[in-house]
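Each remark here refers to the structure printed beneath this line.
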Amino acid sequence: MFCPRLFVTLPRNILIMEQKRCTPEFITELKPDEIFVFGSNLEGMHGGGAAYIAYRKFGAVMGQGVGLQGQSYGIPTMHGGVDVIKPYVDEFIEFAKQHKELTFLVTRIGCGIAGFTDKEIAPLFEKAHDVKNIVLPPKW
């Protein structure tokens with residue numbers, strides 16, 4: 001899936017179009033080098049939403065709420081407000097920068113069972129826009 005085109009103005013007023021990949025709404029399979037990034041809870045009880053999909057399909061480990069697990073990566077979103085989630089998002093972005101051989105498909109973490117809106121969560125991923133191996137949901 002690709003996001004709407006992004007127009008970039010270069011020096012000398014040259015306008016180019018960039019097509020950036022976006023995370024599809026439903027992920028049913030992954031390529032060997034792709035990682036499913038999902039909203040988790042600190043206890044790693046992957047009982048619903050994207051966490052359940054991560055557990056059933058992509059190797060998330062029951063009892064592990066944070067980090068890489070199989071072909072998935074958990075970011076806790078169920079234990080407080082956006083300010084408490086931010087350090088985990090920052091940690092994820094740094095992890096992705098160190099693992100350029102992998103492509104991270106970020107789901108709309110926190111926007112399901114955790115009850116946050118895209119408007120609240122998307123700004124946490126601002127630094128991810130410059131990381132080529134992180135794919136974000138549309139409009140993030």
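If you're wondering about the labels, chains in the structure tokens are A, B, ... by order shown, residues count from 1 in each chain, ligands from 1 in order shown.
For Gln64 (chain A), the set of protein, DNA and RNA residues having any atom at most 8 Å away, when counting only C-alpha atoms and skipping those fewer than 2 positions along the same chain, is Leu42, Glu43, Gly44, Met45, Ala60, Val61, Met62, Val66, Gly67 and Gln69 of chain A.
Neighbouring residues of Phe26 (chain A) at 10 Å or closer, counting only C-alpha atoms and skipping chain neighbours under 3 positions away, are A:Thr23, A:Glu29, A:Ala50, A:Thr107.
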Quick one: write out the picked residues with N, CA, C and O atoms as a compact mmCIF listing (two decimals), in the first residue's frame?
```txt
# COMPACT_ATOMS: atom_id res chain seq x y z
N THR A 23 1.61 1.41 5.87
CA THR A 23 1.15 0.14 6.42
C THR A 23 -0.28 -0.11 5.98
O THR A 23 -1.14 0.75 6.16
N GLU A 29 0.13 -11.46 6.06
CA GLU A 29 1.38 -12.19 5.87
C GLU A 29 2.52 -11.19 5.79
O GLU A 29 2.32 -10.01 5.52
N ALA A 50 -4.44 -6.14 17.49
CA ALA A 50 -3.22 -6.45 16.75
C ALA A 50 -2.28 -7.34 17.57
O ALA A 50 -1.52 -8.13 17.00
N THR A 107 1.55 -0.78 12.90
CA THR A 107 0.09 -0.73 12.91
C THR A 107 -0.33 0.54 13.65
O THR A 107 0.51 1.26 14.20
```
| task | Quick one: everything within 7 Å of region 135-138 of chain A, counting only C-alpha atoms, minus sequence neighbours fewer than 3 positions away in the same chain. Send it as a PyMOL selection string. | result | chain A and resi 3+21-24+104-108
Export N, CA and C atoms of the chosen residues as a CSV table (one decimal), in the first residue's frame?
```
chain,number,residue,atom,x,y,z
A,3,CYS,N,1.0,5.5,0.4
A,3,CYS,CA,0.4,6.7,0.9
A,3,CYS,C,0.1,7.7,-0.2
A,21,ARG,N,5.7,4.3,1.0
A,21,ARG,CA,4.9,3.1,1.4
A,21,ARG,C,4.1,3.4,2.7
A,22,CYS,N,2.9,2.9,2.9
A,22,CYS,CA,2.1,3.0,4.1
A,22,CYS,C,1.8,1.5,4.6
A,23,THR,N,1.6,1.4,5.9
A,23,THR,CA,1.2,0.1,6.4
A,23,THR,C,-0.3,-0.1,6.0
A,24,PRO,N,-0.6,-1.3,5.4
A,24,PRO,CA,-1.9,-1.6,5.1
A,24,PRO,C,-2.8,-1.8,6.3
A,104,PHE,N,10.0,-2.5,9.2
A,104,PHE,CA,9.0,-2.5,10.3
A,104,PHE,C,7.7,-1.9,9.9
A,105,LEU,N,6.6,-2.7,9.8
A,105,LEU,CA,5.3,-2.3,9.5
A,105,LEU,C,4.5,-1.9,10.7
A,106,VAL,N,4.4,-0.6,11.0
A,106,VAL,CA,3.8,-0.1,12.2
A,106,VAL,C,2.3,-0.1,12.0
A,107,THR,N,1.5,-0.8,12.9
A,107,THR,CA,0.1,-0.7,12.9
A,107,THR,C,-0.3,0.5,13.7
A,108,ARG,N,-1.6,0.8,13.7
A,108,ARG,CA,-2.1,2.0,14.4
A,108,ARG,C,-2.1,1.7,15.9
```
| task | as a ChimeraX atom specification, list the residues of chain A assigned to strand (DSSP E) by DSSP on the backbone atoms of this structure. | result | /A:6-10,14-18,34-40,67-69,72-76,103-106,134-135
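Distance-wise, CA of Asp33 (chain A) and CA of Thr103 (chain A) end up 6.2 Å apart.
Omitting Gly59 (chain A) and its sequence neighbours fewer than 2 positions away, and counting only C-alpha atoms, the residues within 12 Å are Leu30, Ile35, Phe36, Val37, Phe38, His46, Ala51, Tyr52, Ile53, Ala54, Tyr55, Arg56, Lys57, Val61, Met62, Gln64, Gly67, Leu68, Gln69, Gly70, Gln71, Ser72, Tyr73 and Gly74 of chain A.
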| request: Would you return as a VMD selection string the members of region 2-137 of chain A that DSSP assigns to helix (DSSP H, G or I) on this structure's backbone? | output: chain A and resid 11 to 13 49 to 57 82 to 98 118 to 130
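Among the candidate residues A:Gly47, A:Gly110, A:Pro32, A:Gly65, the one lying nearest to Lys86 (chain A) is A:Gly110, with distances computed using only C-alpha atoms.
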| task | Do a neighbour search on Thr77 (chain A) at 9 Å with only C-alpha atoms, toss out local chain neighbours closer than 6 positions, and write the hits as a PyMOL selection string. | result | chain A and resi 39-42+84-85+88+109-110+114+116
Hey, can you spit out that residue selection with C-alpha atoms as a PDB file, in the first residue's frame?
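Written output follows (again_13.pdb):
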```
ATOM      1  CA  GLY A  39       0.455  -2.102  20.538  1.00  0.00           C
ATOM      2  CA  SER A  40       0.975  -4.291  23.573  1.00  0.00           C
ATOM      3  CA  ASN A  41       0.661  -4.233  27.331  1.00  0.00           C
ATOM      4  CA  LEU A  42       3.602  -4.504  29.726  1.00  0.00           C
ATOM      5  CA  VAL A  84       4.344   7.172  29.120  1.00  0.00           C
ATOM      6  CA  ILE A  85       4.193   5.547  25.660  1.00  0.00           C
ATOM      7  CA  TYR A  88       8.886   3.019  24.110  1.00  0.00           C
ATOM      8  CA  ILE A 109      -0.711   1.205  17.876  1.00  0.00           C
ATOM      9  CA  GLY A 110      -2.813   2.467  20.759  1.00  0.00           C
ATOM     10  CA  ALA A 114      -6.063   1.261  24.308  1.00  0.00           C
ATOM     11  CA  PHE A 116      -6.135   6.664  21.847  1.00  0.00           C
TER      12      PHE A 116
END
```
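Of note, CA of Lys31 (chain A) and CA of Ala122 (chain A) are spaced 25.0 Å apart.
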| remark: Counting only C-alpha atoms, the residue among A:Asp118, A:Pro76, A:Cys111, A:Glu126 that lies closest to Ile93 (chain A) is A:Glu126
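Coordinates place CA of Gly112 (chain A) at a distance of 16.2 Å from CA of Lys139 (chain A).
Of the residues under consideration (A:Thr28, A:Ala128, A:Ile113, A:Ile121), A:Ile121 shows the shortest atom-to-atom contact distance to Asp83 (chain A) when counting only C-alpha atoms.
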